[in-house]
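Structure record follows, encoded as structure tokens.
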Amino acid sequence: YFASKLWGGENFFMQIDSHLRFGKHWDAKYIEDVKLTRNYPRSVLSTYPPGFDPNKPFHQEGNAEWAASGPSPTLSTVEETPGTRLCGCGIPHDGKDGVIRINTGVNMKYRGNESRPTQQPFLGAGYVFFHGSFLEKIPYDPYLPWTFMGEEILLSIRAWTSGWNIYAPRKNLINHQYRPGVLGIPKFVGAVNEGFKEKKDVNNGWLQKHTIRRIKNLCGYPLHTVENIEHDEQAFVLTDREHYALGTERSWDDFLDFAQVRVNHTTGALDCLFPRGVPWCNEGLRE
């Protein structure tokens, strides 16, 4: 949300994670890709960038500049590889909050001979690239502080119901340091929890419980309707809801059909029918 407030009318906007490496001419190539989509300018590029190990710098064979100067942060350290579509989703087994998580599915990589990007049902928060007009039509919700799980499915539904199609870029042009525990590098979520440790009247779990409920309400989870939330005396969760609700160009029911998600009225969850990827997405059948 805060990053989006820095937008000053530029043609394009990108949301990314920290700790990234960028390939050569990554910006021009992503602009070219998004312009090739069938629905441009109402198109979103999104994927999960491949990871990299900071202790193993990429050595590009045949790169004379690299060979002459040795590894340098000023040189490209990203090898272009086929892009990955976000075709699947699922619910965590721990039952912690039951909100949908996005995943890649199977057979999700581009073959390399595609003339334009193909559609996917979901976007991933680690890389989102779109025309700047997106921010005018679908502004980021300021009432979701420190949200991690739930951000992706909500923004996917908001974008799609507002008439925007989601595509995977044909090439991976950025790499992300995912910071596994073996590296001993703290993640931000750990810093947040540590910051709340000594404050008995405030904790991150309390905050997340309410932001997740706002997300579930906006996404259409059956146990988190406006009526149920108001009955539980938590109406503050719905603050300015009308400004950050779903779009009106395509329906919520149509998105569920498109993404192969169904409402489970027994558990109150949204169930993904194809956790390993929606078939049309895995096969790259929709432009």
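Chain labels follow the order of the structure tokens: the first chain is A, the next B, and so on; residue numbering restarts at 1 in every chain, and ligands are counted from 1 in their shown order.
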Exercise for the section: Write out as an MDAnalysis selection string the residues lying within 12 Å of Ala3 in chain A, counting only C-alpha atoms and excluding same-chain residues fewer than 4 positions away. Expected result: chainID A and resid 7:8 13:17 135 139:142
With the cut-off set at 10 Å and counting only C-alpha atoms, tabulate each residue of range 82-167 of chain A with an atom at most that distance from an atom of range 43-54 of chain A, showing the nearest atom pair and its distance in Å to one decimal, ordered by chain and increasing number, as JSON lines.
```
{"residue": "A:Gly83", "atom": "CA", "partner": "A:Thr47", "partner_atom": "CA", "distance": 7.7}
{"residue": "A:Thr84", "atom": "CA", "partner": "A:Thr47", "partner_atom": "CA", "distance": 6.3}
{"residue": "A:Arg85", "atom": "CA", "partner": "A:Thr47", "partner_atom": "CA", "distance": 6.3}
{"residue": "A:Leu86", "atom": "CA", "partner": "A:Thr47", "partner_atom": "CA", "distance": 6.3}
{"residue": "A:Ile102", "atom": "CA", "partner": "A:Tyr48", "partner_atom": "CA", "distance": 9.8}
{"residue": "A:Asn103", "atom": "CA", "partner": "A:Tyr48", "partner_atom": "CA", "distance": 8.6}
{"residue": "A:Thr104", "atom": "CA", "partner": "A:Tyr48", "partner_atom": "CA", "distance": 8.1}
{"residue": "A:Pro117", "atom": "CA", "partner": "A:Leu45", "partner_atom": "CA", "distance": 8.6}
{"residue": "A:Thr118", "atom": "CA", "partner": "A:Leu45", "partner_atom": "CA", "distance": 9.7}
{"residue": "A:Gln119", "atom": "CA", "partner": "A:Leu45", "partner_atom": "CA", "distance": 9.2}
{"residue": "A:Gln120", "atom": "CA", "partner": "A:Ser46", "partner_atom": "CA", "distance": 9.0}
{"residue": "A:Phe122", "atom": "CA", "partner": "A:Ser46", "partner_atom": "CA", "distance": 8.2}
{"residue": "A:Leu123", "atom": "CA", "partner": "A:Ser46", "partner_atom": "CA", "distance": 5.3}
{"residue": "A:Gly124", "atom": "CA", "partner": "A:Thr47", "partner_atom": "CA", "distance": 5.5}
{"residue": "A:Ala125", "atom": "CA", "partner": "A:Ser46", "partner_atom": "CA", "distance": 7.8}
{"residue": "A:Gly126", "atom": "CA", "partner": "A:Tyr48", "partner_atom": "CA", "distance": 5.9}
{"residue": "A:Tyr127", "atom": "CA", "partner": "A:Ser46", "partner_atom": "CA", "distance": 5.4}
{"residue": "A:Val128", "atom": "CA", "partner": "A:Ser46", "partner_atom": "CA", "distance": 4.6}
{"residue": "A:Phe129", "atom": "CA", "partner": "A:Leu45", "partner_atom": "CA", "distance": 5.0}
{"residue": "A:Phe130", "atom": "CA", "partner": "A:Val44", "partner_atom": "CA", "distance": 4.8}
{"residue": "A:His131", "atom": "CA", "partner": "A:Ser43", "partner_atom": "CA", "distance": 7.3}
{"residue": "A:Phe134", "atom": "CA", "partner": "A:Val44", "partner_atom": "CA", "distance": 8.8}
{"residue": "A:Ser156", "atom": "CA", "partner": "A:Val44", "partner_atom": "CA", "distance": 9.6}
{"residue": "A:Ala159", "atom": "CA", "partner": "A:Val44", "partner_atom": "CA", "distance": 8.4}
{"residue": "A:Trp160", "atom": "CA", "partner": "A:Ser43", "partner_atom": "CA", "distance": 9.6}
{"residue": "A:Gly163", "atom": "CA", "partner": "A:Ser43", "partner_atom": "CA", "distance": 8.8}
{"residue": "A:Trp164", "atom": "CA", "partner": "A:Ser43", "partner_atom": "CA", "distance": 5.4}
{"residue": "A:Asn165", "atom": "CA", "partner": "A:Ser43", "partner_atom": "CA", "distance": 5.0}
{"residue": "A:Ile166", "atom": "CA", "partner": "A:Val44", "partner_atom": "CA", "distance": 4.7}
{"residue": "A:Tyr167", "atom": "CA", "partner": "A:Leu45", "partner_atom": "CA", "distance": 4.9}
```
Practice task
Check the smallest atom-to-atom distance from each of A:Arg116, A:Val237, A:Thr248, A:Asp257 to Leu144 in chain A using only C-alpha atoms, then report the winner.
Solution key: A:Val237
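Note that CA of Pro82 in chain A and CA of Asn172 in chain A are 6.1 Å apart.
If you measure from each of A:Arg42, A:Cys219, A:Gln260, A:Leu20 to Leu155 in chain A using only C-alpha atoms, the closest one turns out to be A:Cys219.
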Handout entry: Among the residues A:Asn55, A:Asn107, A:Ser133, A:Thr77, the one that comes closest to Tyr40 in chain A [using only C-alpha atoms]
Key = A:Ser133
